[in-house]
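To start, the structure under review is shown below, and the notes come after it.
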Amino acid sequence: MHIAFIGLGNMGAPMARNLIKAGHTLHLFDLNQQVLGELAELGGQVSDSPRDAARVAELVITMLPAAAHVRSVYLNEDGVLAGIRPGTPTVDCSTIDPQTVRDICAAAARQGVSLGDAPVSGGTGGAQAGTLTFMVGASPELFATLQPVLAQMGRNIVHCGGVGTGQIAKICNNMLLGISMIGVSEAMALGDALGIDTQVLAGILNSSTGRCWSSDTYNPWPGIIDTAPASRGYTGGFGAELMLKDLGLATEAARQVHQPVVLGAVAQQLYQAMSLRGEGGLDFSAIIKGYRKA
Ligand code: NAD
C-alpha cells in the first residue's frame, strides 16, 4: 500500500520503519532532513510537502508534537487536504485535544475524506518493537480499514468510539497515571521519613489496597523495581514534560465541558514546578524528588 507518513520523530520514525519492513511504500515528510535521509536509505520516498505525500497515498498517517502542528499539516496551503484524493482514509496518531481532531475531521469530511484519531501508549520502546496500543476514534468503516495497518505497528488496537474518543481515552488514562504517581511518591516518602524500610513498604503496598501500576511496575523509589527509570537515575521512560503536556490537555478539555478535575489540576501544577526546577527532561516518576531531602 502507498502510505503517506508525516512526522518522523522519536515515535513516528520507528513506526514508519515497521511499515517499510511490512512491505508498504512510504511517502515521507518531516521538517528534519536527517531523519528523511535515514528512512530513504531503507526504501522510503521523500516528499516535498504534506500535500505531495498525500497526493499519491492510499492512506495518510500523521505523528506530530501538538495540535498546532497537526492543524498546519492538514489545513495549510501545502497541507494534506490540499493534495488528498476523495475517499482516502487518514489517521492522526499524535496526542492532542479531542476538539482539534473533530475540527479537522469536519474539514476533511467536506472533501469526502474520513479522518480518525489513534493516539498511542507504549512509548518509544513500544514504537520500535511494534507493540504499541492504539486508542482509535473513528467510524466503524474507517476503523476496519485502519486496523490491519495499525496492527503492523502495535499489539492492541482498541476501537474507543467515534472520532475524538481515542484522545479522550488517552488523556483520561494519563491524567490518572500522573495523579497515581504523585500518590505513590507521597506514600513512599512518608514511610521513609517515619522510618520503615522502603522495600518492606513497597511489598505491603503491592499486596494491599494501595497497589497500582505506579507502585508495582514503575515505583518511583530507587531500587524497588530494577527495570523502572527510578533505578537508573530517572533516565529514559516517559518524560515529565510529556506528562505535563497531557495534563494540560486533560484540564483544558475538562474546562470546556465544566467538569471538575481537582486532582488533575493539582498534578499539573506539581509537574509544572518540576519543569521549572529544570527536571522536565527526567522521567515523570522523578516527581518524588519534591518529597525527599536533597
Ligand atoms: P518528536 O518531537 O520526537 O517528533 C515530532 C516530529 O514532527 C519531529 O520529527 C518534527 O520535525 C516533526 N514536525 C514538527 N512539525 C512538523 C511539520 N509542520 N511538518 C512535518 N513534520 C513536523 O515527538 P514524538 O515523541 O515522536 O511524539 C509525537 C506525538 O506522540 C506527540 O503528540 C506525543 O505526545 C505523542 N506520544 C509520545 C510518546 C513518547 O514516549 N515520545 C508516547 C506516547 C505518545
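In the C-alpha cells, the first chain shown is A, the next is B, and so on; residue numbers restart at 1 for each chain, and ligands run from 1 in the order shown.
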Closest atom pairs, residues of chain A within 6 Å of ligand 1, only C-alpha atoms and all ligand atoms, as CSV:
residue,atom,partner,partner_atom_place_in_ligand_line,distance
A:Ile6,CA,ligand 1,20 (C),5.7
A:Gly7,CA,ligand 1,7 (O),3.8
A:Leu8,CA,ligand 1,9 (O),4.4
A:Gly9,CA,ligand 1,4 (O),3.2
A:Asn10,CA,ligand 1,3 (O),3.9
A:Met11,CA,ligand 1,26 (O),3.6
A:Gly12,CA,ligand 1,26 (O),5.2
A:Phe29,CA,ligand 1,20 (C),5.8
A:Asp30,CA,ligand 1,21 (N),3.7
A:Leu31,CA,ligand 1,11 (O),4.6
A:Asn32,CA,ligand 1,11 (O),4.9
A:Met63,CA,ligand 1,28 (C),5.2
A:Leu64,CA,ligand 1,7 (O),4.4
A:Pro65,CA,ligand 1,31 (C),4.0
A:Ala66,CA,ligand 1,32 (O),5.2
A:His69,CA,ligand 1,18 (N),5.1
A:Val73,CA,ligand 1,18 (N),5.5
A:Ser94,CA,ligand 1,32 (O),3.8
A:Thr95,CA,ligand 1,32 (O),3.8
A:Val120,CA,ligand 1,43 (C),5.3
A:Ser121,CA,ligand 1,43 (C),4.8
A:Gly123,CA,ligand 1,40 (O),3.6
A:Thr124,CA,ligand 1,40 (O),5.0
A:Phe238,CA,ligand 1,40 (O),5.5
A:Leu242,CA,ligand 1,34 (O),6.0
Put those residues in a file: N, CA, C and O atoms, as a short mmCIF file (atom, residue, chain, number, x, y, z; two decimals), in the first residue's frame.
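Dumped to out01.cif:
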data_model
loop_
_atom_site.label_atom_id
_atom_site.label_comp_id
_atom_site.auth_asym_id
_atom_site.auth_seq_id
_atom_site.Cartn_x
_atom_site.Cartn_y
_atom_site.Cartn_z
N ILE A 6 3.69 11.42 7.94
CA ILE A 6 4.19 12.78 8.20
C ILE A 6 4.42 12.95 9.69
O ILE A 6 3.51 12.74 10.50
N GLY A 7 5.65 13.33 10.04
CA GLY A 7 6.04 13.46 11.45
C GLY A 7 6.86 12.25 11.85
O GLY A 7 6.31 11.21 12.24
N LEU A 8 8.18 12.37 11.72
CA LEU A 8 9.06 11.19 11.88
C LEU A 8 10.03 11.42 13.02
O LEU A 8 11.25 11.32 12.85
N GLY A 9 9.48 11.72 14.19
CA GLY A 9 10.33 11.97 15.36
C GLY A 9 10.59 10.69 16.14
O GLY A 9 10.67 9.59 15.57
N ASN A 10 10.70 10.82 17.47
CA ASN A 10 11.03 9.68 18.33
C ASN A 10 10.03 8.53 18.16
O ASN A 10 10.40 7.36 18.26
N MET A 11 8.77 8.87 17.91
CA MET A 11 7.74 7.84 17.74
C MET A 11 7.52 7.53 16.26
O MET A 11 7.46 6.36 15.85
N GLY A 12 7.36 8.58 15.44
CA GLY A 12 7.00 8.38 14.03
C GLY A 12 8.05 7.60 13.25
O GLY A 12 7.69 6.74 12.43
N PHE A 29 7.28 12.83 4.93
CA PHE A 29 7.58 14.26 5.07
C PHE A 29 7.83 14.59 6.53
O PHE A 29 7.14 14.12 7.44
N ASP A 30 8.88 15.39 6.75
CA ASP A 30 9.21 15.92 8.07
C ASP A 30 10.05 17.18 7.82
O ASP A 30 10.59 17.37 6.73
N LEU A 31 10.14 18.04 8.84
CA LEU A 31 10.99 19.23 8.70
C LEU A 31 12.46 18.87 8.89
O LEU A 31 13.34 19.62 8.53
N ASN A 32 12.71 17.70 9.48
CA ASN A 32 14.07 17.25 9.79
C ASN A 32 14.62 16.41 8.62
O ASN A 32 14.17 15.30 8.38
N MET A 63 2.03 11.91 12.81
CA MET A 63 2.51 11.69 14.18
C MET A 63 3.33 12.91 14.58
O MET A 63 4.55 12.93 14.45
N LEU A 64 2.63 13.94 15.06
CA LEU A 64 3.24 15.27 15.25
C LEU A 64 3.21 15.68 16.72
O LEU A 64 2.48 15.08 17.52
N PRO A 65 3.99 16.71 17.08
CA PRO A 65 4.10 17.04 18.52
C PRO A 65 2.79 17.50 19.18
O PRO A 65 2.42 16.98 20.22
N ALA A 66 2.09 18.48 18.58
CA ALA A 66 0.95 19.08 19.28
C ALA A 66 -0.09 19.59 18.28
O ALA A 66 0.12 19.52 17.06
N HIS A 69 0.70 21.85 15.20
CA HIS A 69 1.40 21.19 14.08
C HIS A 69 0.42 20.36 13.26
O HIS A 69 0.49 20.33 12.03
N VAL A 73 -0.35 20.88 9.30
CA VAL A 73 -0.04 19.79 8.36
C VAL A 73 -1.28 19.39 7.55
O VAL A 73 -1.18 19.04 6.39
N SER A 94 -0.96 11.54 16.81
CA SER A 94 -0.41 12.46 17.81
C SER A 94 -1.32 12.49 19.04
O SER A 94 -2.49 12.12 18.97
N THR A 95 -0.79 12.94 20.18
CA THR A 95 -1.64 13.18 21.36
C THR A 95 -2.01 14.66 21.35
O THR A 95 -1.15 15.52 21.56
N VAL A 120 -1.36 6.86 20.91
CA VAL A 120 -0.74 5.59 21.30
C VAL A 120 -0.26 5.63 22.74
O VAL A 120 -0.01 6.69 23.30
N SER A 121 -0.10 4.45 23.31
CA SER A 121 0.70 4.33 24.53
C SER A 121 1.68 3.19 24.29
O SER A 121 1.49 2.35 23.41
N GLY A 123 5.20 4.17 24.41
CA GLY A 123 6.46 4.90 24.34
C GLY A 123 7.34 4.50 23.17
O GLY A 123 6.92 3.75 22.28
N THR A 124 8.59 5.00 23.18
CA THR A 124 9.49 4.76 22.05
C THR A 124 9.88 3.28 21.96
O THR A 124 10.08 2.76 20.87
N PHE A 238 9.09 7.91 30.40
CA PHE A 238 8.11 8.89 29.92
C PHE A 238 8.45 10.24 30.55
O PHE A 238 8.29 10.44 31.75
N LEU A 242 6.30 15.58 28.81
CA LEU A 242 5.17 14.97 28.08
C LEU A 242 3.98 14.76 29.02
O LEU A 242 2.83 14.96 28.63
#
Would you kindly return, as a PyMOL selection string, each protein, DNA or RNA residue with an atom no farther than 12 Å from any atom of A:Arg277, considering only C-alpha atoms and excluding same-chain residues fewer than 4 positions away?
-> chain A and resi 240-241+270-273+281-282+286-287+289-290
Within 10 Å of A:Cys212 using only C-alpha atoms, minus same-chain residues under 6 positions, as a ChimeraX atom specification | /A:177,180-181,184,205-206,218-219
Those same residues, written as a short mmCIF file (atom, residue, chain, number, x, y, z; two decimals), in the first residue's frame with N, CA, C and O atoms?
data_model
loop_
_atom_site.label_atom_id
_atom_site.label_comp_id
_atom_site.auth_asym_id
_atom_site.auth_seq_id
_atom_site.Cartn_x
_atom_site.Cartn_y
_atom_site.Cartn_z
N LEU A 177 -2.73 8.42 35.62
CA LEU A 177 -1.34 7.98 35.83
C LEU A 177 -0.53 9.08 36.54
O LEU A 177 0.21 8.80 37.48
N SER A 180 -1.67 9.14 40.13
CA SER A 180 -1.30 7.96 40.93
C SER A 180 0.20 7.97 41.24
O SER A 180 0.61 7.54 42.32
N MET A 181 1.01 8.50 40.32
CA MET A 181 2.45 8.56 40.59
C MET A 181 2.74 9.51 41.76
O MET A 181 3.62 9.24 42.59
N VAL A 184 1.74 7.61 45.01
CA VAL A 184 2.75 6.62 45.42
C VAL A 184 3.99 7.34 45.96
O VAL A 184 4.58 6.92 46.97
N LEU A 205 2.40 -2.31 50.06
CA LEU A 205 1.52 -1.59 49.12
C LEU A 205 1.09 -2.50 47.98
O LEU A 205 -0.08 -2.53 47.58
N ASN A 206 2.08 -3.28 47.46
CA ASN A 206 1.82 -4.06 46.25
C ASN A 206 1.00 -5.32 46.50
O ASN A 206 0.59 -6.00 45.55
N TYR A 218 6.35 0.53 38.28
CA TYR A 218 7.11 1.74 37.91
C TYR A 218 7.42 2.55 39.16
O TYR A 218 7.45 3.77 39.13
N ASN A 219 7.66 1.83 40.28
CA ASN A 219 7.79 2.51 41.58
C ASN A 219 8.84 3.63 41.52
O ASN A 219 9.95 3.41 41.04
#
From a DSSP pass on the backbone, collect the residues of stretch 69-245 of chain A flagged as strand (DSSP E) and hand them back as a count of residues only.
-> 22
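If you measure from each of A:Asp197, A:Asp97, A:Asp92, A:Glu58 to A:Thr145 using only C-alpha atoms, the closest one turns out to be A:Glu58.
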Find the residue from A:Gln256, A:Asn173, A:Thr131, A:Ser47 that sits nearest to A:Trp213; use only C-alpha atoms when measuring.
->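 For A:Trp213, the nearest of the candidates is A:Asn173.
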Nearest-residue call for A:Gly161, choices A:Leu36, A:Leu42, A:Val266, A:Ala118, using only C-alpha atoms |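 Closest to A:Gly161 of all the choices is A:Ala118.
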Who sits within 10 Å of A:Val113, only C-alpha atoms, same chain under 5 positions skipped, as a PyMOL selection string = chain A and resi 81+84-90+105-108
Restricting the calculation to only C-alpha atoms, which member of A:Val149, A:Ser139, A:Glu279, A:Leu26 is positioned closest to A:Gly239?
->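 Looking at the shortest contact to A:Gly239, the residue is A:Glu279.
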Residue list (alpha helix (DSSP H), DSSP) for stretch 46-100 of chain A, as a list of chain:residue names |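 Selecting the alpha helix (DSSP H) positions of stretch 46-100 of chain A gives A:Pro50, A:Arg51, A:Asp52, A:Ala53, A:Ala54, A:Arg55, A:Ala67, A:Ala68, A:His69, A:Val70, A:Arg71, A:Ser72, A:Val73, A:Tyr74, A:Leu75, A:Val80, A:Leu81, A:Ala82, A:Gly83, A:Pro98, A:Gln99, A:Thr100.
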Would you mind listing what lies within 10 Å of A:Gly191 as a PyMOL selection string, with only C-alpha atoms counted and same-chain residues fewer than 5 positions away left out?
-> chain A and resi 185-186+196-198+200-202
Just to be explicit: take each residue in the selection above, keep all heavy atoms, and write the result as an mmCIF file, in the first residue's frame.
data_model
loop_
_atom_site.group_PDB
_atom_site.id
_atom_site.type_symbol
_atom_site.label_atom_id
_atom_site.label_comp_id
_atom_site.auth_asym_id
_atom_site.auth_seq_id
_atom_site.Cartn_x
_atom_site.Cartn_y
_atom_site.Cartn_z
ATOM 1 N N SER A 185 4.375 8.444 45.328
ATOM 2 C CA SER A 185 5.550 9.202 45.797
ATOM 3 C C SER A 185 5.338 9.689 47.235
ATOM 4 O O SER A 185 6.236 9.586 48.075
ATOM 5 C CB SER A 185 5.802 10.409 44.886
ATOM 6 O OG SER A 185 6.135 9.969 43.595
ATOM 7 N N GLU A 186 4.162 10.216 47.511
ATOM 8 C CA GLU A 186 3.872 10.708 48.867
ATOM 9 C C GLU A 186 3.926 9.577 49.875
ATOM 10 O O GLU A 186 4.495 9.715 50.974
ATOM 11 C CB GLU A 186 2.504 11.405 48.918
ATOM 12 C CG GLU A 186 2.503 12.723 48.169
ATOM 13 C CD GLU A 186 1.289 13.599 48.446
ATOM 14 O OE1 GLU A 186 0.411 13.210 49.252
ATOM 15 O OE2 GLU A 186 1.226 14.692 47.862
ATOM 16 N N ILE A 196 10.225 3.310 58.108
ATOM 17 C CA ILE A 196 10.064 1.917 57.653
ATOM 18 C C ILE A 196 11.009 1.668 56.474
ATOM 19 O O ILE A 196 11.298 2.588 55.689
ATOM 20 C CB ILE A 196 8.586 1.625 57.257
ATOM 21 C CG1 ILE A 196 8.363 0.118 57.035
ATOM 22 C CG2 ILE A 196 8.160 2.405 56.043
ATOM 23 C CD1 ILE A 196 6.896 -0.279 56.797
ATOM 24 N N ASP A 197 11.496 0.447 56.338
ATOM 25 C CA ASP A 197 12.304 0.048 55.180
ATOM 26 C C ASP A 197 11.422 0.193 53.927
ATOM 27 O O ASP A 197 10.305 -0.351 53.884
ATOM 28 C CB ASP A 197 12.739 -1.417 55.383
ATOM 29 C CG ASP A 197 13.636 -1.918 54.260
ATOM 30 O OD1 ASP A 197 13.305 -1.669 53.081
ATOM 31 O OD2 ASP A 197 14.645 -2.574 54.578
ATOM 32 N N THR A 198 11.923 0.893 52.912
ATOM 33 C CA THR A 198 11.073 1.164 51.742
ATOM 34 C C THR A 198 10.763 -0.112 50.945
ATOM 35 O O THR A 198 9.718 -0.186 50.293
ATOM 36 C CB THR A 198 11.722 2.224 50.821
ATOM 37 O OG1 THR A 198 13.077 1.853 50.570
ATOM 38 C CG2 THR A 198 11.662 3.606 51.444
ATOM 39 N N VAL A 200 10.162 -3.025 52.320
ATOM 40 C CA VAL A 200 9.051 -3.625 53.067
ATOM 41 C C VAL A 200 7.763 -2.872 52.751
ATOM 42 O O VAL A 200 6.713 -3.479 52.469
ATOM 43 C CB VAL A 200 9.340 -3.613 54.582
ATOM 44 C CG1 VAL A 200 8.127 -4.101 55.378
ATOM 45 C CG2 VAL A 200 10.576 -4.458 54.887
ATOM 46 N N LEU A 201 7.847 -1.555 52.761
ATOM 47 C CA LEU A 201 6.656 -0.746 52.485
ATOM 48 C C LEU A 201 6.111 -1.042 51.089
ATOM 49 O O LEU A 201 4.905 -1.261 50.912
ATOM 50 C CB LEU A 201 6.986 0.748 52.622
ATOM 51 C CG LEU A 201 5.838 1.702 52.290
ATOM 52 C CD1 LEU A 201 4.622 1.457 53.187
ATOM 53 C CD2 LEU A 201 6.295 3.160 52.408
ATOM 54 N N ALA A 202 7.023 -1.082 50.085
ATOM 55 C CA ALA A 202 6.560 -1.349 48.709
ATOM 56 C C ALA A 202 5.901 -2.729 48.632
ATOM 57 O O ALA A 202 4.873 -2.890 47.965
ATOM 58 C CB ALA A 202 7.736 -1.257 47.730
#
10 Å contact set for A:Gly166, only C-alpha atoms, chain neighbours under 2 positions out, as a PDB file with N, CA, C and O atoms, in the first residue's frame:
ATOM      1  N   CYS A  93      -2.067  10.126  14.774  1.00  0.00           N
ATOM      2  CA  CYS A  93      -1.664   9.351  15.958  1.00  0.00           C
ATOM      3  C   CYS A  93      -1.058  10.229  17.048  1.00  0.00           C
ATOM      4  O   CYS A  93      -0.654   9.718  18.101  1.00  0.00           O
ATOM      5  N   THR A  95      -0.792  12.943  20.184  1.00  0.00           N
ATOM      6  CA  THR A  95      -1.644  13.183  21.355  1.00  0.00           C
ATOM      7  C   THR A  95      -2.013  14.664  21.353  1.00  0.00           C
ATOM      8  O   THR A  95      -1.146  15.518  21.558  1.00  0.00           O
ATOM      9  N   PRO A  98      -9.248  16.588  21.912  1.00  0.00           N
ATOM     10  CA  PRO A  98     -10.311  15.996  21.082  1.00  0.00           C
ATOM     11  C   PRO A  98     -10.971  17.012  20.149  1.00  0.00           C
ATOM     12  O   PRO A  98     -11.366  16.663  19.032  1.00  0.00           O
ATOM     13  N   VAL A 101      -9.132  17.482  16.823  1.00  0.00           N
ATOM     14  CA  VAL A 101      -9.370  16.316  15.943  1.00  0.00           C
ATOM     15  C   VAL A 101     -10.725  16.462  15.258  1.00  0.00           C
ATOM     16  O   VAL A 101     -10.853  16.249  14.044  1.00  0.00           O
ATOM     17  N   GLY A 116      -9.589   9.744  11.361  1.00  0.00           N
ATOM     18  CA  GLY A 116      -9.734   9.206  12.702  1.00  0.00           C
ATOM     19  C   GLY A 116      -8.570   9.638  13.570  1.00  0.00           C
ATOM     20  O   GLY A 116      -7.562  10.148  13.073  1.00  0.00           O
ATOM     21  N   ASP A 117      -8.717   9.464  14.883  1.00  0.00           N
ATOM     22  CA  ASP A 117      -7.604   9.726  15.808  1.00  0.00           C
ATOM     23  C   ASP A 117      -7.185   8.392  16.400  1.00  0.00           C
ATOM     24  O   ASP A 117      -8.036   7.540  16.695  1.00  0.00           O
ATOM     25  N   ALA A 118      -5.875   8.220  16.563  1.00  0.00           N
ATOM     26  CA  ALA A 118      -5.372   6.963  17.129  1.00  0.00           C
ATOM     27  C   ALA A 118      -4.120   7.228  17.957  1.00  0.00           C
ATOM     28  O   ALA A 118      -3.020   6.800  17.597  1.00  0.00           O
ATOM     29  N   PRO A 119      -4.267   7.977  19.078  1.00  0.00           N
ATOM     30  CA  PRO A 119      -3.102   8.203  19.936  1.00  0.00           C
ATOM     31  C   PRO A 119      -2.613   6.876  20.500  1.00  0.00           C
ATOM     32  O   PRO A 119      -3.376   5.900  20.543  1.00  0.00           O
ATOM     33  N   VAL A 120      -1.364   6.861  20.906  1.00  0.00           N
ATOM     34  CA  VAL A 120      -0.741   5.588  21.298  1.00  0.00           C
ATOM     35  C   VAL A 120      -0.262   5.629  22.738  1.00  0.00           C
ATOM     36  O   VAL A 120      -0.011   6.690  23.301  1.00  0.00           O
ATOM     37  N   PHE A 134      -2.984   1.279  20.332  1.00  0.00           N
ATOM     38  CA  PHE A 134      -3.642   2.387  19.626  1.00  0.00           C
ATOM     39  C   PHE A 134      -5.055   2.529  20.167  1.00  0.00           C
ATOM     40  O   PHE A 134      -5.809   1.548  20.202  1.00  0.00           O
ATOM     41  N   MET A 135      -5.410   3.755  20.597  1.00  0.00           N
ATOM     42  CA  MET A 135      -6.767   4.050  21.054  1.00  0.00           C
ATOM     43  C   MET A 135      -7.455   4.798  19.913  1.00  0.00           C
ATOM     44  O   MET A 135      -7.122   5.955  19.657  1.00  0.00           O
ATOM     45  N   VAL A 136      -8.364   4.121  19.227  1.00  0.00           N
ATOM     46  CA  VAL A 136      -8.839   4.641  17.948  1.00  0.00           C
ATOM     47  C   VAL A 136     -10.237   5.252  18.071  1.00  0.00           C
ATOM     48  O   VAL A 136     -11.170   4.596  18.545  1.00  0.00           O
ATOM     49  N   GLY A 137     -10.351   6.498  17.604  1.00  0.00           N
ATOM     50  CA  GLY A 137     -11.655   7.147  17.478  1.00  0.00           C
ATOM     51  C   GLY A 137     -11.975   7.262  15.995  1.00  0.00           C
ATOM     52  O   GLY A 137     -11.282   7.979  15.266  1.00  0.00           O
ATOM     53  N   ALA A 138     -12.973   6.537  15.533  1.00  0.00           N
ATOM     54  CA  ALA A 138     -13.264   6.515  14.088  1.00  0.00           C
ATOM     55  C   ALA A 138     -14.607   5.842  13.863  1.00  0.00           C
ATOM     56  O   ALA A 138     -15.090   5.102  14.732  1.00  0.00           O
ATOM     57  N   VAL A 158      -7.539  -0.685  19.827  1.00  0.00           N
ATOM     58  CA  VAL A 158      -8.824  -0.628  20.525  1.00  0.00           C
ATOM     59  C   VAL A 158      -9.723   0.423  19.883  1.00  0.00           C
ATOM     60  O   VAL A 158      -9.323   1.591  19.753  1.00  0.00           O
ATOM     61  N   HIS A 159     -10.927  -0.004  19.481  1.00  0.00           N
ATOM     62  CA  HIS A 159     -11.880   0.962  18.932  1.00  0.00           C
ATOM     63  C   HIS A 159     -12.641   1.600  20.096  1.00  0.00           C
ATOM     64  O   HIS A 159     -13.428   0.935  20.775  1.00  0.00           O
ATOM     65  N   CYS A 160     -12.405   2.899  20.334  1.00  0.00           N
ATOM     66  CA  CYS A 160     -12.994   3.573  21.505  1.00  0.00           C
ATOM     67  C   CYS A 160     -14.362   4.177  21.199  1.00  0.00           C
ATOM     68  O   CYS A 160     -15.115   4.480  22.122  1.00  0.00           O
ATOM     69  N   GLY A 161     -14.675   4.388  19.926  1.00  0.00           N
ATOM     70  CA  GLY A 161     -15.936   5.037  19.555  1.00  0.00           C
ATOM     71  C   GLY A 161     -15.688   5.977  18.389  1.00  0.00           C
ATOM     72  O   GLY A 161     -14.722   5.796  17.639  1.00  0.00           O
ATOM     73  N   GLY A 162     -16.537   7.024  18.277  1.00  0.00           N
ATOM     74  CA  GLY A 162     -16.435   7.970  17.166  1.00  0.00           C
ATOM     75  C   GLY A 162     -15.186   8.846  17.264  1.00  0.00           C
ATOM     76  O   GLY A 162     -14.418   8.757  18.238  1.00  0.00           O
ATOM     77  N   VAL A 163     -14.991   9.685  16.260  1.00  0.00           N
ATOM     78  CA  VAL A 163     -13.772  10.498  16.191  1.00  0.00           C
ATOM     79  C   VAL A 163     -13.599  11.349  17.462  1.00  0.00           C
ATOM     80  O   VAL A 163     -14.570  11.880  17.995  1.00  0.00           O
ATOM     81  N   GLY A 164     -12.394  11.404  17.973  1.00  0.00           N
ATOM     82  CA  GLY A 164     -12.087  12.149  19.197  1.00  0.00           C
ATOM     83  C   GLY A 164     -12.022  11.268  20.432  1.00  0.00           C
ATOM     84  O   GLY A 164     -11.365  11.612  21.416  1.00  0.00           O
ATOM     85  N   ILE A 168      -9.769  11.120  24.019  1.00  0.00           N
ATOM     86  CA  ILE A 168     -10.411  11.170  25.338  1.00  0.00           C
ATOM     87  C   ILE A 168      -9.864  10.048  26.219  1.00  0.00           C
ATOM     88  O   ILE A 168      -9.478  10.265  27.377  1.00  0.00           O
ATOM     89  N   ALA A 169      -9.784   8.836  25.656  1.00  0.00           N
ATOM     90  CA  ALA A 169      -9.253   7.695  26.419  1.00  0.00           C
ATOM     91  C   ALA A 169      -7.824   7.977  26.868  1.00  0.00           C
ATOM     92  O   ALA A 169      -7.456   7.741  28.031  1.00  0.00           O
ATOM     93  N   LYS A 170      -7.029   8.505  25.952  1.00  0.00           N
ATOM     94  CA  LYS A 170      -5.608   8.741  26.243  1.00  0.00           C
ATOM     95  C   LYS A 170      -5.446   9.779  27.363  1.00  0.00           C
ATOM     96  O   LYS A 170      -4.665   9.576  28.295  1.00  0.00           O
ATOM     97  N   ILE A 171      -6.168  10.895  27.274  1.00  0.00           N
ATOM     98  CA  ILE A 171      -5.931  11.942  28.283  1.00  0.00           C
ATOM     99  C   ILE A 171      -6.525  11.558  29.640  1.00  0.00           C
ATOM    100  O   ILE A 171      -5.973  11.934  30.672  1.00  0.00           O
TER     101      ILE A 171
END
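Using only C-alpha atoms, the nearest neighbour of A:Arg71 within the list A:Val46, A:Thr100, A:Asn18, A:Arg55 is A:Thr100.
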Name all residues at most 8 Å from A:Arg155 (count only C-alpha atoms; drop same-chain ones fewer than 3 positions away) and give them as a ChimeraX atom specification.
-> /A:130-133,151
